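S.K.: Following this line is input_3.cif, made up of mmCIF, C-alpha atoms:
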data_data
#
loop_
_atom_site.group_PDB
_atom_site.id
_atom_site.type_symbol
_atom_site.label_atom_id
_atom_site.label_comp_id
_atom_site.auth_asym_id
_atom_site.auth_seq_id
_atom_site.Cartn_x
_atom_site.Cartn_y
_atom_site.Cartn_z
ATOM 1 C CA MET A 138 111.032 -22.371 -10.950
ATOM 2 C CA VAL A 139 109.765 -24.861 -13.573
ATOM 3 C CA ALA A 140 108.868 -23.657 -17.102
ATOM 4 C CA ALA A 141 107.427 -25.652 -19.990
ATOM 5 C CA GLY A 142 109.074 -25.486 -23.369
ATOM 6 C CA ARG A 143 109.391 -27.388 -26.576
ATOM 7 C CA GLY A 144 110.979 -30.691 -26.190
ATOM 8 C CA GLY A 145 110.595 -30.928 -22.450
ATOM 9 C CA THR A 146 110.768 -29.189 -19.183
ATOM 10 C CA ALA A 147 113.342 -26.495 -18.380
ATOM 11 C CA MET A 148 114.536 -25.519 -14.907
ATOM 12 C CA THR A 149 115.527 -21.952 -14.011
ATOM 13 C CA ASP A 150 117.268 -20.737 -10.797
ATOM 14 C CA GLN A 151 116.344 -17.329 -9.431
ATOM 15 C CA SER A 152 117.378 -15.730 -6.187
ATOM 16 C CA GLN A 153 114.756 -15.687 -3.501
ATOM 17 C CA ASP A 154 115.534 -12.031 -2.870
ATOM 18 C CA GLN A 155 114.721 -10.999 -6.409
ATOM 19 C CA GLY A 156 111.628 -8.869 -6.568
ATOM 20 C CA SER A 157 111.352 -8.621 -2.761
ATOM 21 C CA GLY A 158 111.780 -4.840 -2.918
ATOM 22 C CA GLU A 159 114.466 -4.739 -0.199
ATOM 23 C CA ARG A 160 117.513 -2.517 -0.936
ATOM 24 C CA ARG A 161 120.703 -2.894 1.009
ATOM 25 C CA GLY A 162 123.129 0.077 1.264
ATOM 26 C CA PRO A 163 126.850 -0.061 2.056
ATOM 27 C CA ARG A 164 127.730 -1.261 5.582
ATOM 28 C CA ARG A 165 128.602 1.645 7.971
ATOM 29 C CA SER A 166 132.028 1.724 9.632
ATOM 30 C CA PRO A 167 132.047 1.186 13.409
ATOM 31 C CA PHE A 168 134.718 3.943 13.611
ATOM 32 C CA ARG A 169 132.482 6.668 12.200
ATOM 33 C CA HIS A 170 132.030 8.235 15.679
ATOM 34 C CA LEU A 171 135.738 8.419 16.473
ATOM 35 C CA MET A 172 136.445 11.545 14.451
ATOM 36 C CA PRO A 173 133.956 13.809 16.314
ATOM 37 C CA ILE A 174 135.230 12.454 19.632
ATOM 38 C CA ALA A 175 138.840 13.096 18.652
ATOM 39 C CA LEU A 176 137.996 16.611 17.523
ATOM 40 C CA GLY A 177 136.194 17.287 20.800
ATOM 41 C CA LEU A 178 139.126 16.047 22.847
ATOM 42 C CA GLY A 179 141.518 18.152 20.798
ATOM 43 C CA VAL A 180 139.497 21.323 21.302
ATOM 44 C CA GLY A 181 139.067 20.599 25.010
ATOM 45 C CA SER A 182 142.780 20.011 25.470
ATOM 46 C CA ALA A 183 143.636 23.196 23.623
ATOM 47 C CA LEU A 184 141.269 25.211 25.830
ATOM 48 C CA TYR A 185 142.634 23.619 29.010
ATOM 49 C CA PHE A 186 146.285 24.182 28.188
ATOM 50 C CA GLY A 187 145.490 27.666 26.942
ATOM 51 C CA PHE A 188 143.890 28.506 30.274
ATOM 52 C CA MET A 189 146.821 27.004 32.186
ATOM 53 C CA TYR A 190 149.274 29.098 30.160
ATOM 54 C CA TRP A 191 147.235 32.256 30.740
ATOM 55 C CA SER A 192 146.979 31.517 34.460
ATOM 56 C CA HIS A 193 150.736 30.962 34.681
ATOM 57 C CA GLN A 194 151.426 34.215 32.858
ATOM 58 C CA GLN A 195 149.067 36.060 35.200
ATOM 59 C CA SER A 196 150.857 34.606 38.233
ATOM 60 C CA GLN A 197 154.213 35.605 36.797
ATOM 61 C CA ARG A 198 153.036 39.157 36.182
ATOM 62 C CA GLN A 199 151.564 39.414 39.679
ATOM 63 C CA ALA A 200 154.763 38.082 41.232
ATOM 64 C CA LEU A 201 156.808 40.563 39.213
ATOM 65 C CA THR A 202 154.564 43.420 40.293
ATOM 66 C CA ALA A 203 154.751 42.323 43.929
ATOM 67 C CA ALA A 204 158.552 42.142 43.717
ATOM 68 C CA GLN A 205 158.875 45.767 42.601
ATOM 69 C CA GLY A 206 159.260 48.484 45.182
ATOM 70 C CA ASP A 207 156.932 51.413 45.717
ATOM 71 C CA PRO A 208 158.214 54.373 43.667
ATOM 72 C CA ALA A 209 157.019 56.720 46.412
ATOM 73 C CA MET A 210 159.255 55.111 49.027
ATOM 74 C CA ALA A 211 162.983 55.336 49.661
ATOM 75 C CA LYS A 212 165.400 52.691 48.420
ATOM 76 C CA PRO A 213 167.651 50.941 50.949
ATOM 77 C CA THR A 214 171.381 51.234 50.319
ATOM 78 C CA ALA A 215 173.358 48.201 49.170
ATOM 79 C CA GLU A 216 174.826 47.906 52.687
ATOM 80 C CA GLU A 217 171.368 48.002 54.242
ATOM 81 C CA CYS A 218 170.183 45.299 51.861
ATOM 82 C CA ALA A 219 173.129 43.086 52.831
ATOM 83 C CA ILE A 220 172.362 43.644 56.529
ATOM 84 C CA ALA A 221 168.695 42.766 55.978
ATOM 85 C CA ARG A 222 169.612 39.516 54.226
ATOM 86 C CA ALA A 223 172.002 38.621 57.077
ATOM 87 C CA ALA A 224 169.250 39.235 59.648
ATOM 88 C CA LEU A 225 166.791 37.026 57.755
ATOM 89 C CA THR A 226 169.428 34.320 57.301
ATOM 90 C CA ALA A 227 170.060 34.171 61.059
ATOM 91 C CA ILE A 228 166.337 33.926 61.826
ATOM 92 C CA HIS A 229 165.832 31.083 59.391
ATOM 93 C CA ALA A 230 169.049 29.219 60.254
ATOM 94 C CA THR A 231 168.044 28.988 63.913
ATOM 95 C CA ARG A 232 164.477 27.978 62.959
ATOM 96 C CA THR A 233 163.231 30.967 64.904
ATOM 97 C CA ASP A 234 160.772 31.673 62.113
ATOM 98 C CA LYS A 235 159.228 28.212 62.612
ATOM 99 C CA THR A 236 158.921 28.837 66.348
ATOM 100 C CA TRP A 237 157.164 32.142 65.730
ATOM 101 C CA LEU A 238 154.726 30.593 63.269
ATOM 102 C CA THR A 239 153.879 27.727 65.615
ATOM 103 C CA GLY A 240 153.270 30.125 68.485
ATOM 104 C CA ALA A 241 151.012 32.291 66.335
ATOM 105 C CA GLY A 242 149.123 29.319 64.884
ATOM 106 C CA ALA A 243 150.170 30.424 61.398
ATOM 107 C CA ASP A 244 151.593 28.509 58.449
ATOM 108 C CA GLU A 245 153.361 31.162 56.393
ATOM 109 C CA MET A 246 155.176 34.459 56.700
ATOM 110 C CA THR A 247 157.145 36.991 54.713
ATOM 111 C CA LEU A 248 159.178 40.146 55.105
ATOM 112 C CA ALA A 249 157.107 43.305 55.496
ATOM 113 C CA THR A 250 157.693 45.508 52.460
ATOM 114 C CA ASP A 251 158.002 48.764 54.434
ATOM 115 C CA SER A 252 160.851 49.265 56.856
ATOM 116 C CA LYS A 253 159.944 50.198 60.409
ATOM 117 C CA VAL A 254 160.767 53.820 61.159
ATOM 118 C CA ILE A 255 162.589 54.165 64.474
ATOM 119 C CA ASN A 256 163.561 57.295 66.344
ATOM 120 C CA PRO A 257 166.808 56.282 68.053
ATOM 121 C CA ALA A 258 166.140 58.809 70.797
ATOM 122 C CA ASP A 259 163.141 56.744 71.928
ATOM 123 C CA VAL A 260 164.957 53.432 72.447
ATOM 124 C CA ALA A 261 168.076 52.282 74.224
ATOM 125 C CA GLY A 262 170.869 50.317 72.606
ATOM 126 C CA TYR A 263 172.061 52.404 69.679
ATOM 127 C CA THR A 264 175.482 53.981 69.907
ATOM 128 C CA ASP A 265 175.760 57.695 69.195
ATOM 129 C CA GLU A 266 177.227 56.991 65.761
ATOM 130 C CA GLU A 267 174.493 54.500 64.912
ATOM 131 C CA ALA A 268 171.827 56.909 66.151
ATOM 132 C CA ASP A 269 173.272 59.703 64.015
ATOM 133 C CA ASP A 270 173.233 57.424 60.963
ATOM 134 C CA LEU A 271 169.671 56.270 61.605
ATOM 135 C CA ARG A 272 168.205 59.640 62.504
ATOM 136 C CA GLY A 273 166.200 61.098 59.676
ATOM 137 C CA LYS A 274 166.074 57.917 57.571
ATOM 138 C CA ALA A 275 162.699 57.651 55.873
ATOM 139 C CA ALA A 276 160.743 54.442 55.493
ATOM 140 C CA ALA A 277 162.165 52.321 52.678
ATOM 141 C CA ASP A 278 160.690 49.516 50.620
ATOM 142 C CA TRP A 279 162.765 46.334 51.010
ATOM 143 C CA ARG A 280 161.598 45.166 47.588
ATOM 144 C CA TRP A 281 164.005 47.687 46.083
ATOM 145 C CA CYS A 282 166.899 45.512 47.255
ATOM 146 C CA PRO A 283 168.140 43.625 44.175
ATOM 147 C CA GLY A 284 167.227 39.957 44.451
ATOM 148 C CA MET A 285 165.382 40.361 47.763
ATOM 149 C CA ALA A 286 162.185 38.765 46.433
ATOM 150 C CA THR A 287 164.155 35.714 45.289
ATOM 151 C CA PHE A 288 166.060 35.600 48.568
ATOM 152 C CA VAL A 289 162.859 35.659 50.632
ATOM 153 C CA GLY A 290 161.417 32.827 48.566
ATOM 154 C CA GLY A 291 164.672 30.886 48.908
ATOM 155 C CA ILE A 292 164.311 30.600 52.677
ATOM 156 C CA GLY A 293 160.785 29.283 52.307
ATOM 157 C CA TRP A 294 158.892 32.509 52.987
ATOM 158 C CA LYS A 295 156.007 33.765 50.900
ATOM 159 C CA PRO A 296 156.400 36.521 48.279
ATOM 160 C CA MET A 297 156.469 40.054 49.599
ATOM 161 C CA GLY A 298 153.592 42.417 49.048
ATOM 162 C CA GLY A 299 150.814 39.854 48.631
ATOM 163 C CA ASP A 300 147.161 40.697 49.176
ATOM 164 C CA ASP A 301 146.455 37.915 51.680
ATOM 165 C CA PRO A 302 147.036 38.778 55.347
ATOM 166 C CA ILE A 303 149.940 36.646 56.585
ATOM 167 C CA ALA A 304 152.526 36.924 59.340
ATOM 168 C CA VAL A 305 155.476 39.235 58.697
ATOM 169 C CA LEU A 306 158.868 40.142 60.023
ATOM 170 C CA THR A 307 159.010 43.906 60.445
ATOM 171 C CA LEU A 308 162.554 45.140 59.938
ATOM 172 C CA GLY A 309 163.862 48.658 60.420
ATOM 173 C CA ARG A 310 166.625 50.287 58.428
ATOM 174 C CA PRO A 311 169.884 49.758 60.302
ATOM 175 C CA GLY A 312 172.008 52.391 61.966
ATOM 176 C CA LEU A 313 175.715 51.982 61.164
ATOM 177 C CA ASN A 314 178.787 53.233 62.961
ATOM 178 C CA LYS A 315 181.279 55.460 61.157
ATOM 179 C CA ALA A 316 183.682 52.593 60.561
ATOM 180 C CA GLY A 317 180.923 50.730 58.757
ATOM 181 C CA ASP A 318 181.585 47.445 60.542
ATOM 182 C CA GLU A 319 178.765 47.463 63.122
ATOM 183 C CA ALA A 320 175.027 47.985 62.768
ATOM 184 C CA ARG A 321 171.863 47.681 64.787
ATOM 185 C CA ALA A 322 168.310 47.297 63.512
ATOM 186 C CA TYR A 323 164.753 46.920 64.789
ATOM 187 C CA GLU A 324 162.997 43.545 64.435
ATOM 188 C CA ALA A 325 159.490 42.367 65.362
ATOM 189 C CA PHE A 326 157.211 39.484 64.415
ATOM 190 C CA MET A 327 153.600 40.315 63.638
ATOM 191 C CA ALA A 328 150.688 37.992 62.817
ATOM 192 C CA PRO A 329 147.157 38.717 61.577
ATOM 193 C CA ASN A 330 144.250 38.756 63.978
ATOM 194 C CA PRO A 331 142.145 35.638 63.202
ATOM 195 C CA ASP A 332 138.940 37.693 63.220
ATOM 196 C CA SER A 333 139.917 40.955 61.541
ATOM 197 C CA GLY A 334 143.089 40.020 59.657
ATOM 198 C CA VAL A 335 144.801 43.106 61.088
ATOM 199 C CA LEU A 336 148.468 42.567 61.929
ATOM 200 C CA ARG A 337 149.346 42.666 65.594
ATOM 201 C CA LEU A 338 152.599 42.290 67.501
ATOM 202 C CA LYS A 339 153.242 38.679 68.555
ATOM 203 C CA ASN A 340 156.968 38.566 69.383
ATOM 204 C CA GLY A 341 159.505 41.290 70.097
ATOM 205 C CA PRO A 342 160.436 43.931 69.355
ATOM 206 C CA TRP A 343 164.188 43.390 69.441
ATOM 207 C CA LEU A 344 167.347 45.248 68.604
ATOM 208 C CA VAL A 345 169.588 43.017 66.507
ATOM 209 C CA THR A 346 173.314 43.715 66.392
ATOM 210 C CA LEU A 347 175.445 42.769 63.401
ATOM 211 C CA HIS A 348 179.168 42.955 62.682
ATOM 212 C CA ARG A 349 180.888 42.845 59.349
ATOM 213 C CA ALA A 350 183.574 40.198 59.013
ATOM 214 C CA PRO A 351 186.915 40.854 57.290
ATOM 215 C CA ASN A 352 185.514 39.218 54.149
ATOM 216 C CA GLY A 353 182.734 41.807 54.077
ATOM 217 C CA ALA A 354 179.904 39.469 55.128
ATOM 218 C CA TRP A 355 177.508 40.669 57.802
ATOM 219 C CA GLN A 356 176.723 38.369 60.733
ATOM 220 C CA VAL A 357 174.249 38.645 63.592
ATOM 221 C CA THR A 358 176.076 38.678 66.938
ATOM 222 C CA SER A 359 173.219 39.354 69.361
ATOM 223 C CA THR A 360 169.512 40.010 69.594
ATOM 224 C CA ASP A 361 168.210 41.917 72.626
ATOM 225 C CA ALA A 362 164.769 42.979 73.748
ATOM 226 C CA LEU A 363 164.092 46.531 72.722
ATOM 227 C CA LYS A 364 163.952 48.913 75.676
ATOM 228 C CA ARG A 365 162.640 52.396 75.928
ATOM 229 C CA ALA A 366 165.234 55.068 76.559
ATOM 230 C CA PHE A 367 163.026 56.646 79.260
#
I'd like the structure from this file rewritten - as structure tokens, please.

M.R.:
Amino acid sequence: MVAAGRGGTAMTDQSQDQGSGERRGPRRSPFRHLMPIALGLGVGSALYFGFMYWSHQQSQRQALTAAQGDPAMAKPTAEECAIARAALTAIHATRTDKTWLTGAGADEMTLATDSKVINPADVAGYTDEEADDLRGKAAADWRWCPGMATFVGGIGWKPMGGDDPIAVLTLGRPGLNKAGDEARAYEAFMAPNPDSGVLRLKNGPWLVTLHRAPNGAWQVTSTDALKRAF
């Protein structure tokens, strides 16, 4: 801008923006949206892991409930529990359980919670001593055996007492001789009907014979088809 004054001409320098009316505020940070996003992710993660923890706790409680026996049912003796574990061990060691599942078109099985009640007078194979021991034994819940739930899971079977219909091994309480070194028990494999889900006999029944070794361990020595006594 040129201005006249005394003694000559004076030059002044003014910004071209002066008087334009435009106001410029502080520049906004490009990271201003990161905080809401971070907060959202944090809340979402907390909800997710909270749900996962709750779900795990629910599963643990359900498994614990399923592993407990029915208070209204009898409890197998320690000897009967040892015999049951020996019978299951023999079935799994020979991969008989896999053969049963393949034949039934099933993928999973477990041990039936309730023992099969057998009248020794109706079937052949029990000795008089074993029949006397077995006679009058009420149905027992195998879940009362200490560690049975863990044992069943250890051989790759599903937890006992679940709600889903799956194949089961039905096992009767054993009859023992007076010496306590021989026992016989009922076995059968049952699988659910594909249409109704109702369990039906697929293999067996059998009468499994076990002997107790000098070290106290029970071992399966034979498995025979169950025959009627008449």

S.K.: Could you list, as a PyMOL selection string, every residue matched by the PyMOL selection byres ((chain A and resi 325-337) around 6) in this structure?

M.R.: chain A and resi 302+304-307+324+338-342

S.K.: What does the distance between atom CA of A:Glu245 and atom CA of A:Lys274 come to in Å, to one decimal place?

M.R.: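 Calculated distance between atom CA of A:Glu245 and atom CA of A:Lys274 is 29.6 Å.
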
S.K.: Which residues of stretch 264-337 of chain A come within 9 Å of stretch 355-364 of chain A, and for each one, what is the closest pair of atoms and their distance in Å to one decimal, counting only C-alpha atoms, sorted by chain and residue number, as a tab-separated table?

M.R.:
residue	atom	partner	partner_atom	distance
A:Asp318	CA	A:Trp355	CA	8.4
A:Glu319	CA	A:Trp355	CA	8.7
A:Tyr323	CA	A:Leu363	CA	8.0
A:Glu324	CA	A:Leu363	CA	8.9

S.K.: Between A:Lys315, A:His229, A:His348, A:Arg310, which one has atoms that come closest to A:Trp294, using only C-alpha atoms?

M.R.: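 Smallest distance to A:Trp294 is found for A:His229.
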
S.K.: Could you give me, as a list in words, the residues within 7 Å of A:Gly206, counting all atoms listed in the file and dropping anything in the same chain fewer than 4 positions from it?

M.R.: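 Final neighbour list, sorted by chain and number: Asp278, Arg280 and Trp281 of chain A.
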
S.K.: Kindly indicate which residue among A:Gly299, A:Gly262, A:Gly291, A:Pro208 lies nearest to A:Ala277, using all atoms listed in the file for the distances.

M.R.: A:Pro208

S.K.: Once the PyMOL selection byres ((chain A and resi 261) around 12) has been applied to the shown file, what residues remain in the selection, as number ranges by chain?

M.R.: A: 255-260, 262-265, 267-268, 321-323, 343-344, 361-367

S.K.: What is the distance between atom CA of A:Ala316 and atom CA of A:Glu266, in Å to one decimal?

M.R.: 9.4 Å

S.K.: Any idea what the distance is between atom CA of A:Ala241 and atom CA of A:Ile220?

M.R.: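 Answer for the atom CA of A:Ala241 to atom CA of A:Ile220 separation: 26.1 Å.
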
S.K.: Going by the chain IDs and residue numbers used in this file, which residues fall under the PyMOL selection byres ((chain A and resi 253) around 6)? Write them as a ChimeraX atom specification.

M.R.: /A:252,254,308-309

S.K.: Please, could you write that set of residues out with C-alpha atoms as a PDB file, keeping the file's coordinate frame?

M.R.:
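Below is the file part-v7.pdb, written as the result:
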ATOM      1  CA  SER A 252     160.851  49.265  56.856  1.00  0.00           C
ATOM      2  CA  VAL A 254     160.767  53.820  61.159  1.00  0.00           C
ATOM      3  CA  LEU A 308     162.554  45.140  59.938  1.00  0.00           C
ATOM      4  CA  GLY A 309     163.862  48.658  60.420  1.00  0.00           C
TER       5      GLY A 309
END

S.K.: Out of A:Pro296, A:Ile303, A:Thr346, A:Ala211, which residue has the shortest atom-to-atom distance to A:Ala223 when counting only C-alpha atoms?

M.R.: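 Of A:Pro296, A:Ile303, A:Thr346, A:Ala211, the one nearest A:Ala223 is A:Thr346, counting only C-alpha atoms.
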
S.K.: Show which residues sit within 7 Å of A:Lys295, as an MDAnalysis selection string. Count only C-alpha atoms, and ignore same-chain residues fewer than 3 positions away.

M.R.: chainID A and resid 245:247 290
